[in-house]
Structure formats: structure tokens, C-alpha cells
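K.L.:
Next up, model.txt (compact mmCIF, C-alpha atoms).
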```
# COMPACT_ATOMS: atom_id res chain seq x y z
CA MET A 1 90.60 89.09 120.95
CA GLY A 2 89.30 86.07 122.84
CA ALA A 3 85.91 87.63 123.65
CA ALA A 4 83.80 85.08 121.79
CA LEU A 5 85.85 82.22 123.19
CA ALA A 6 85.46 83.53 126.73
CA GLY A 7 81.72 83.82 126.20
CA ALA A 8 81.49 80.17 125.22
CA SER A 9 84.09 78.48 127.43
CA ARG A 10 84.55 78.38 131.19
CA ALA A 11 88.01 76.89 130.67
CA ALA A 12 89.07 79.86 128.53
CA ASN A 13 87.68 82.29 131.11
CA GLU A 14 89.76 80.58 133.77
CA VAL A 15 92.88 80.89 131.63
CA PHE A 16 92.33 84.61 131.08
CA ALA A 17 91.65 85.18 134.79
CA GLU A 18 94.77 83.27 135.82
CA VAL A 19 96.94 85.25 133.41
CA ASP A 20 95.45 88.53 134.70
CA GLU A 21 96.26 87.50 138.27
CA ALA A 22 99.80 86.44 137.40
CA LEU A 23 100.54 89.75 135.66
CA GLY A 24 98.65 91.98 138.08
CA GLN A 25 96.94 93.50 135.05
CA ASN A 26 93.55 93.19 133.37
CA LEU A 27 95.11 91.89 130.18
CA PHE A 28 91.91 90.20 129.06
CA ARG A 29 90.04 93.51 129.13
CA LEU A 30 92.76 94.93 126.89
CA MET A 31 92.47 91.88 124.61
CA ARG A 32 88.70 92.26 124.43
CA ASP A 33 88.28 96.03 124.29
CA GLY A 34 91.61 97.52 123.24
CA PRO A 35 92.93 100.06 122.53
CA ASP A 36 94.62 98.20 119.72
CA GLU A 37 97.87 100.19 119.88
CA GLU A 38 98.30 99.23 123.54
CA LEU A 39 97.55 95.57 122.89
CA ARG A 40 100.12 95.54 120.08
CA LEU A 41 102.92 96.61 122.42
CA THR A 42 105.09 93.51 122.49
CA GLU A 43 105.02 93.30 126.31
CA ASN A 44 101.23 92.91 126.06
CA ALA A 45 100.98 91.08 122.74
CA GLN A 46 103.25 88.20 123.76
CA PRO A 47 101.33 87.11 126.89
CA ALA A 48 98.02 87.86 125.14
CA ILE A 49 98.76 85.58 122.20
CA MET A 50 99.85 82.84 124.62
CA ALA A 51 96.71 83.31 126.76
CA HIS A 52 94.48 82.98 123.72
CA SER A 53 96.28 79.85 122.55
CA MET A 54 96.04 78.29 126.00
CA GLY A 55 92.36 79.25 126.22
CA VAL A 56 91.74 77.30 123.02
CA PHE A 57 93.89 74.38 124.19
CA ARG A 58 92.21 74.03 127.57
CA THR A 59 88.76 74.33 126.03
CA LEU A 60 89.63 71.30 123.92
CA GLY A 61 90.15 69.40 127.19
CA LEU A 62 92.80 67.10 125.75
CA GLN A 63 95.46 64.99 127.39
CA LEU A 64 98.28 66.05 125.10
CA ALA A 65 100.24 62.81 125.25
CA ASP A 66 97.14 60.89 124.12
CA VAL A 67 96.76 62.80 120.86
CA ALA A 68 100.14 64.32 119.92
CA SER A 69 103.60 62.99 119.16
CA PHE A 70 105.34 66.38 119.27
CA VAL A 71 104.74 70.06 120.00
CA ALA A 72 106.29 73.12 118.38
CA GLY A 73 105.74 76.85 118.46
CA HIS A 74 106.90 79.75 116.33
CA SER A 75 109.00 82.23 118.36
CA LEU A 76 106.90 83.18 121.42
CA GLY A 77 104.67 80.23 120.50
CA GLU A 78 107.42 77.98 121.79
CA TYR A 79 106.43 79.12 125.29
CA SER A 80 102.77 78.32 124.56
CA ALA A 81 103.82 74.87 123.33
CA LEU A 82 105.83 74.25 126.50
CA CYS A 83 102.92 75.41 128.66
CA ALA A 84 100.56 73.04 126.84
CA ALA A 85 103.12 70.26 127.29
CA GLY A 86 103.36 70.89 131.04
CA SER A 87 106.91 72.27 131.17
CA PHE A 88 105.77 75.65 132.48
CA ASP A 89 102.67 76.45 134.50
CA LEU A 90 100.41 79.13 133.05
CA ALA A 91 101.38 81.89 135.49
CA THR A 92 105.10 81.35 134.89
CA THR A 93 104.57 81.39 131.11
CA ALA A 94 102.69 84.69 131.29
CA LYS A 95 105.36 86.31 133.46
CA LEU A 96 108.20 85.09 131.24
CA LEU A 97 106.52 86.42 128.11
CA ARG A 98 105.83 89.77 129.72
CA LEU A 99 109.53 90.02 130.59
CA ARG A 100 110.54 88.75 127.15
CA GLY A 101 108.45 91.43 125.48
CA GLN A 102 109.82 94.18 127.71
CA ALA A 103 113.42 93.03 127.25
CA MET A 104 113.09 92.80 123.48
CA GLN A 105 111.59 96.28 123.25
CA GLN A 106 114.30 97.76 125.46
CA ALA A 107 117.17 96.06 123.60
CA VAL A 108 116.98 98.39 120.59
CA PRO A 109 115.63 101.97 120.57
CA VAL A 110 112.43 102.36 118.56
CA GLY A 111 113.22 103.21 114.95
CA GLU A 112 116.73 101.76 114.92
CA GLY A 113 115.74 98.20 113.98
CA ALA A 114 113.37 96.65 111.46
CA MET A 115 112.20 93.39 109.92
CA ALA A 116 111.05 92.55 106.41
CA ALA A 117 109.40 89.56 104.77
CA LEU A 118 111.00 88.35 101.56
CA LEU A 119 108.30 86.67 99.48
CA GLY A 120 109.22 84.23 96.74
CA ALA A 121 112.64 83.74 98.33
CA ASP A 122 114.10 80.62 99.91
CA LEU A 123 116.64 80.59 102.72
CA ALA A 124 119.71 80.70 100.47
CA LEU A 125 118.44 83.67 98.45
CA ALA A 126 117.29 85.51 101.58
CA GLN A 127 120.74 85.15 103.13
CA LYS A 128 122.36 86.49 99.93
CA ILE A 129 120.06 89.51 99.99
CA ALA A 130 120.78 90.12 103.69
CA ASP A 131 124.53 89.83 103.15
CA ALA A 132 124.42 92.22 100.19
CA ALA A 133 122.43 94.79 102.15
CA ALA A 134 124.34 94.61 105.43
CA GLY A 135 127.05 97.17 104.70
CA GLY A 136 128.73 96.43 108.01
CA GLN A 137 125.46 96.52 109.94
CA VAL A 138 123.38 93.66 111.36
CA CYS A 139 121.17 92.18 108.64
CA THR A 140 120.35 88.50 108.83
CA VAL A 141 117.68 85.84 108.44
CA ALA A 142 115.33 85.80 111.43
CA ASN A 143 112.56 83.38 110.41
CA ASP A 144 112.86 80.63 107.81
CA ASN A 145 109.09 80.26 107.61
CA ASP A 146 108.45 78.15 104.51
CA PRO A 147 109.91 77.55 101.04
CA SER A 148 108.55 80.86 99.75
CA GLN A 149 108.71 83.19 102.77
CA VAL A 150 111.75 84.21 104.79
CA VAL A 151 111.93 87.12 107.25
CA ILE A 152 115.08 89.18 107.74
CA SER A 153 115.95 91.35 110.73
CA GLY A 154 118.53 93.94 111.72
CA ALA A 155 119.44 97.60 111.60
CA LYS A 156 116.71 99.66 109.94
CA THR A 157 118.93 101.21 107.28
CA ALA A 158 120.25 97.77 106.31
CA ILE A 159 116.75 96.28 106.15
CA ASP A 160 115.64 99.25 104.02
CA ARG A 161 118.50 98.50 101.62
CA ALA A 162 117.47 94.84 101.50
CA VAL A 163 113.90 95.79 100.60
CA GLN A 164 115.20 97.98 97.77
CA ILE A 165 117.45 95.32 96.22
CA ALA A 166 115.39 92.18 96.94
CA LYS A 167 113.42 92.11 93.70
CA ASP A 168 116.48 92.70 91.54
CA MET A 169 118.21 89.81 93.31
CA GLY A 170 115.36 87.39 92.57
CA ALA A 171 112.74 87.74 95.30
CA LYS A 172 109.14 88.22 94.21
CA ARG A 173 108.78 91.17 96.59
CA ALA A 174 109.87 92.47 99.98
CA VAL A 175 107.57 93.91 102.64
CA LEU A 176 108.57 95.82 105.76
CA LEU A 177 106.82 94.34 108.80
CA PRO A 178 104.98 96.49 111.37
CA VAL A 179 107.10 95.41 114.33
CA SER A 180 108.53 97.48 117.15
CA ALA A 181 111.92 95.76 117.34
CA PRO A 182 114.28 93.60 115.20
CA PHE A 183 113.59 90.17 116.67
CA HIS A 184 115.78 87.07 116.24
CA CYS A 185 119.04 88.79 115.42
CA SER A 186 122.18 89.70 117.36
CA LEU A 187 120.77 93.13 118.27
CA MET A 188 118.57 91.24 120.74
CA GLN A 189 121.57 90.10 122.83
CA PRO A 190 120.56 92.25 125.86
CA ALA A 191 117.15 90.55 125.79
CA ALA A 192 118.80 87.12 125.59
CA GLU A 193 120.80 87.95 128.71
CA ALA A 194 117.65 89.07 130.52
CA MET A 195 115.89 85.82 129.58
CA ALA A 196 118.89 83.73 130.65
CA ASP A 197 118.66 85.32 134.08
CA ALA A 198 114.87 84.92 134.34
CA LEU A 199 114.88 81.31 133.13
CA SER A 200 117.56 80.38 135.67
CA TYR A 201 115.05 80.98 138.48
CA VAL A 202 111.94 79.21 137.18
CA VAL A 203 110.83 75.60 137.27
CA LEU A 204 110.98 74.05 133.80
CA GLY A 205 109.92 70.42 133.66
CA ALA A 206 110.33 67.87 130.90
CA PRO A 207 107.51 68.27 128.34
CA LYS A 208 104.94 65.47 128.10
CA VAL A 209 105.86 65.07 124.43
CA PRO A 210 109.08 66.20 122.72
CA LEU A 211 109.39 69.86 121.67
CA PHE A 212 110.81 70.64 118.23
CA ALA A 213 113.00 73.63 119.11
CA ASN A 214 113.15 76.75 116.92
CA VAL A 215 116.93 76.99 117.03
CA THR A 216 117.74 73.36 116.20
CA ALA A 217 114.66 72.05 114.35
CA GLN A 218 115.16 68.88 116.41
CA PRO A 219 113.08 67.31 119.22
CA SER A 220 114.04 67.42 122.86
CA THR A 221 112.57 66.50 126.24
CA ASP A 222 115.58 67.51 128.35
CA ALA A 223 114.67 70.47 130.56
CA ASP A 224 118.19 71.91 130.75
CA THR A 225 118.57 71.72 126.98
CA ILE A 226 115.23 73.43 126.43
CA ARG A 227 116.13 76.17 128.91
CA LYS A 228 119.32 76.88 126.96
CA GLN A 229 117.47 76.82 123.64
CA LEU A 230 114.92 79.37 124.86
CA VAL A 231 117.79 81.78 125.51
CA GLU A 232 119.42 81.07 122.14
CA GLN A 233 116.05 81.58 120.45
CA VAL A 234 116.00 85.31 121.31
CA THR A 235 118.89 86.05 118.93
CA GLY A 236 118.71 82.89 116.81
CA MET A 237 116.86 82.05 113.62
CA VAL A 238 113.43 80.44 113.86
CA ARG A 239 113.93 77.29 111.78
CA TRP A 240 110.24 76.68 111.19
CA ARG A 241 110.51 75.20 107.69
CA GLU A 242 113.06 72.65 108.86
CA SER A 243 111.07 71.87 112.01
CA VAL A 244 107.92 71.05 110.07
CA SER A 245 109.87 69.11 107.45
CA ASN A 246 111.62 67.10 110.16
CA MET A 247 108.33 66.35 111.91
CA ALA A 248 106.93 65.11 108.60
CA ASP A 249 110.03 62.95 108.11
CA ALA A 250 109.42 61.56 111.62
CA GLY A 251 106.00 60.34 110.51
CA VAL A 252 103.75 63.25 111.40
CA ASP A 253 100.96 63.49 108.83
CA GLU A 254 98.56 65.73 110.75
CA PHE A 255 99.27 69.16 112.21
CA VAL A 256 96.91 71.14 114.46
CA GLU A 257 97.50 74.87 114.88
CA ILE A 258 96.14 76.11 118.19
CA GLY A 259 94.91 79.69 118.48
CA GLY A 260 95.67 81.11 115.03
CA LYS A 261 95.39 80.70 111.28
CA VAL A 262 98.86 81.72 110.08
CA LEU A 263 101.14 78.75 110.72
CA GLY A 264 98.74 76.29 109.12
CA ALA A 265 99.25 77.87 105.71
CA MET A 266 103.02 77.70 106.18
CA VAL A 267 102.82 74.04 107.20
CA LYS A 268 100.80 73.24 104.08
CA ARG A 269 103.47 74.82 101.88
CA ILE A 270 106.17 72.78 103.64
CA ALA A 271 104.31 69.45 103.88
CA PRO A 272 101.60 69.63 101.19
CA ASP A 273 100.41 66.07 101.77
CA ALA A 274 99.79 66.59 105.48
CA LYS A 275 96.38 67.28 107.00
CA VAL A 276 96.41 70.73 108.59
CA THR A 277 93.74 72.06 110.96
CA SER A 278 93.71 75.56 112.45
CA VAL A 279 91.64 75.94 115.62
CA VAL A 280 90.57 79.40 116.83
CA THR A 281 86.80 79.61 117.41
CA ILE A 282 84.50 77.55 119.58
CA GLU A 283 83.13 76.05 116.35
CA ASP A 284 86.65 75.01 115.35
CA ILE A 285 87.15 73.49 118.79
CA GLU A 286 83.91 71.50 118.64
CA ALA A 287 84.71 70.21 115.16
CA LEU A 288 88.19 69.04 116.19
CA ALA A 289 86.91 67.49 119.42
CA LYS A 290 84.53 65.32 117.39
CA GLU A 291 87.39 64.09 115.21
CA LEU A 292 89.61 63.25 118.18
```
How does this structure look as C-alpha cells?
P.N.:
Amino acid sequence: MGAALAGASRAANEVFAEVDEALGQNLFRLMRDGPDEELRLTENAQPAIMAHSMGVFRTLGLQLADVASFVAGHSLGEYSALCAAGSFDLATTAKLLRLRGQAMQQAVPVGEGAMAALLGADLALAQKIADAAAGGQVCTVANDNDPSQVVISGAKTAIDRAVQIAKDMGAKRAVLLPVSAPFHCSLMQPAAEAMADALSYVVLGAPKVPLFANVTAQPSTDADTIRKQLVEQVTGMVRWRESVSNMADAGVDEFVEIGGKVLGAMVKRIAPDAKVTSVVTIEDIEALAKEL
């Protein structure tokens, strides 16, 4: 992860080195060499994904306000978006995501929570399935990703019930996700409290361009509002479909995904007429730089 980028970009190398220093850990070596099971621990995966995204972004060498009208990020990606927009410095972002990962993992004992993707289900159907499966336990929509993919989260036995009944209730299929905790549901309240405490101590500036927040699907540049939304995001639903739709309604006709190739496909299903570019490799970066 990130090895080829680091080999081709001094800016990316500097990002990885700065994140390593901030965390007091050789995270980049773990990204590059593994072991995979250690990298996938959420306390490592969250800052690693952010570091890779920021490595791509800084290699592009863009002044964000010159090329973008808005930023947005999916779940932890909201921190990457805020870092790119200048609200957080890189070291602070890395430390917050390390804490976020640790707090989320500690909120629910391993094996007691789960998440599942409902494919061929919209938000209304996904909520019906979650409600039917709950049985007095937590079972709710976590990510409204696009018109055909919604993720649910909660107690493992309730999520298992949802997977069993999803097809009969109209979903195309349901797939348990390989996650270590039930993110974006009320079981994450201890993690939300930990993030509220951590965020109260850090400098969070106004972003250079408005951020479309996960929990509201609306743009904001107010630092205090964004701070509050980052806390709400830990237990709240990621309203990605609405965010993209609202950006399109605001006149956005081109979306650039930085550091991955997952969100671009979702964006295309939400706003099929938009131009969508996913930028991961140095070749992707060079191609986009020529266009901009």
C-alpha cells in the first residue's frame, strides 16, 4: 500500500514520513510490507488510508480552492477531506484517526457487533429489513451508499437475522462485511464520547472550500459545526447518496476520488451524467494533472 507512489513521489514520501513521526510508529513500513492482518486493524487502517489519500493529493500539487467547489469524504474519509481542505494539519489528522480507530474497536467487544451490505436495496427497504431483524437489539442503517447499496450495522445476532431475511424482503442479496466493529450505530457511543473529548483540544480551522458532511448531506465551513458533526458521525448514518445528489444539484458535474477506486463507482450510480475520475497511481495523477 503506497509503495509505488512513494517510489515515484517525494511529496508522498514526505506525507508518509510526517505521519510516522506524528504516530511514533513506522506505519508506512506496515503499509508497504504488512503483515496484512496488522494493517487491517482499524487503529492502523484508518490513519493508513488517510496517509495514502494525502500522499496522492499532495503529489497532485493543487491549490484546492482553485479547482474544487466542495470536498466530501466517506466516514474516515471526512478527516482526509478536512486535511486536504486545510482544517486539520496532517499530524493532527493522523493522531485523531489513530484514536478514532482505537475507540471504535474498544466500544464493542470483538464478535458482538457486525455489519452487512444489502445489495439491490434502497434506503427505505434497508430500514425495513433492519427494523424487522432488530428483535430489541441495535440494527440500523449505517451507510446509505448509493441507490442500490445500503450497509446496516448493529448487534451480530440482529445483523445475522437481517442477512437471512433480506432476500425474502426484496433485497437482491446480503453480504456480511469483514469488519472488526459495528460502525455508525448507537453501539459506538463510547467512541463518540472519546472523539468529542479529543476534538475539543485540537485546532480545527474553516475549510478552504465547504465540506459536505456525512451526517447532514449539507455543506458547511463553520469550524464549530464541523467539530460537532465529526462527533455525531461516529454513531450517525453516512448519508453518501444524498451528499453526492446534493452536490450534483448544486452544479457539480465532475467528481474526483482521491486515493481509491470505490467511491467513484458509487458516485456514478448516484449521478450518472457526471464525470468521475478515480486517482490512485502516479499514472492517474499525471493524467489528471494534465487535465487540470
K.L.:
Let me make sure I understand: among A:Val141, A:Ala17, A:Ala114, A:Val209, which one has the smallest atom-to-atom distance to Val175 (chain A) if we use all atoms listed in the file?
P.N.:
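Of A:Val141, A:Ala17, A:Ala114, A:Val209, the one nearest Val175 (chain A), counting all atoms listed in the file, is A:Ala114.
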K.L.:
Restricting the calculation to only C-alpha atoms, which member of A:Arg173, A:Arg40, A:Lys208, A:Arg161 is positioned closest to Ser69 (chain A)?
P.N.:
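Result for the nearest residue to Ser69 (chain A): A:Lys208.
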K.L.:
Neighbours of Val150 (chain A) within 12 Å (all atoms listed in the file; same-chain residues fewer than 3 positions away dropped), as an NGL selection string?
P.N.:
:A and (115-130 or 140-147 or 153 or 166 or 171-175 or 177 or 237-241 or 266)
K.L.:
If you keep C-alpha atoms, can you produce a file of those selected residues as a PDB file, in the frame of the given file?
P.N.:
```
ATOM      1  CA  MET A 115     112.200  93.390 109.920  1.00  0.00           C
ATOM      2  CA  ALA A 116     111.050  92.550 106.410  1.00  0.00           C
ATOM      3  CA  ALA A 117     109.400  89.560 104.770  1.00  0.00           C
ATOM      4  CA  LEU A 118     111.000  88.350 101.560  1.00  0.00           C
ATOM      5  CA  LEU A 119     108.300  86.670  99.480  1.00  0.00           C
ATOM      6  CA  GLY A 120     109.220  84.230  96.740  1.00  0.00           C
ATOM      7  CA  ALA A 121     112.640  83.740  98.330  1.00  0.00           C
ATOM      8  CA  ASP A 122     114.100  80.620  99.910  1.00  0.00           C
ATOM      9  CA  LEU A 123     116.640  80.590 102.720  1.00  0.00           C
ATOM     10  CA  ALA A 124     119.710  80.700 100.470  1.00  0.00           C
ATOM     11  CA  LEU A 125     118.440  83.670  98.450  1.00  0.00           C
ATOM     12  CA  ALA A 126     117.290  85.510 101.580  1.00  0.00           C
ATOM     13  CA  GLN A 127     120.740  85.150 103.130  1.00  0.00           C
ATOM     14  CA  LYS A 128     122.360  86.490  99.930  1.00  0.00           C
ATOM     15  CA  ILE A 129     120.060  89.510  99.990  1.00  0.00           C
ATOM     16  CA  ALA A 130     120.780  90.120 103.690  1.00  0.00           C
ATOM     17  CA  THR A 140     120.350  88.500 108.830  1.00  0.00           C
ATOM     18  CA  VAL A 141     117.680  85.840 108.440  1.00  0.00           C
ATOM     19  CA  ALA A 142     115.330  85.800 111.430  1.00  0.00           C
ATOM     20  CA  ASN A 143     112.560  83.380 110.410  1.00  0.00           C
ATOM     21  CA  ASP A 144     112.860  80.630 107.810  1.00  0.00           C
ATOM     22  CA  ASN A 145     109.090  80.260 107.610  1.00  0.00           C
ATOM     23  CA  ASP A 146     108.450  78.150 104.510  1.00  0.00           C
ATOM     24  CA  PRO A 147     109.910  77.550 101.040  1.00  0.00           C
ATOM     25  CA  SER A 153     115.950  91.350 110.730  1.00  0.00           C
ATOM     26  CA  ALA A 166     115.390  92.180  96.940  1.00  0.00           C
ATOM     27  CA  ALA A 171     112.740  87.740  95.300  1.00  0.00           C
ATOM     28  CA  LYS A 172     109.140  88.220  94.210  1.00  0.00           C
ATOM     29  CA  ARG A 173     108.780  91.170  96.590  1.00  0.00           C
ATOM     30  CA  ALA A 174     109.870  92.470  99.980  1.00  0.00           C
ATOM     31  CA  VAL A 175     107.570  93.910 102.640  1.00  0.00           C
ATOM     32  CA  LEU A 177     106.820  94.340 108.800  1.00  0.00           C
ATOM     33  CA  MET A 237     116.860  82.050 113.620  1.00  0.00           C
ATOM     34  CA  VAL A 238     113.430  80.440 113.860  1.00  0.00           C
ATOM     35  CA  ARG A 239     113.930  77.290 111.780  1.00  0.00           C
ATOM     36  CA  TRP A 240     110.240  76.680 111.190  1.00  0.00           C
ATOM     37  CA  ARG A 241     110.510  75.200 107.690  1.00  0.00           C
ATOM     38  CA  MET A 266     103.020  77.700 106.180  1.00  0.00           C
TER      39      MET A 266
END
```
K.L.:
Could you check the closest approach to Pro35 (chain A) for each of A:Leu64, A:Ile258, A:Thr225, A:Met1 and tell me which residue wins, using only C-alpha atoms?
P.N.:
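Nearest to Pro35 (chain A): A:Met1.
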K.L.:
Pick out the closest residue to Leu90 (chain A) from this set: A:Asp131, A:Glu291, A:Asp222, A:Asp20. Count only C-alpha atoms.
P.N.:
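So, comparing all the options, the nearest one is A:Asp20.
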K.L.:
Which residue out of A:Glu232, A:Asp36, A:Glu257, A:Glu283 has the minimum interatomic distance to Met195 (chain A) when only C-alpha atoms are used?
P.N.:
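Checking each candidate against Met195 (chain A), we get A:Glu232 as the closest.
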K.L.:
Set the distance at 8 Å and use all atoms listed in the file: which residues neighbour Gly236 (chain A) once local chain neighbours fewer than 3 positions away are removed? I'd like the list as a count of residues only.
P.N.:
7
K.L.:
Figure out the distance between CA of Gly259 (chain A) and CA of Pro219 (chain A), please, to one decimal in Å.
P.N.:
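CA of Gly259 (chain A) lies 22.0 Å from CA of Pro219 (chain A).
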K.L.:
Which residues come within 10 Å of Val15 (chain A), counting only C-alpha atoms, excluding same-chain residues fewer than 4 positions away, as a PyMOL selection string?
P.N.:
chain A and resi 6+10-11+19-21+28+51-59+90-91
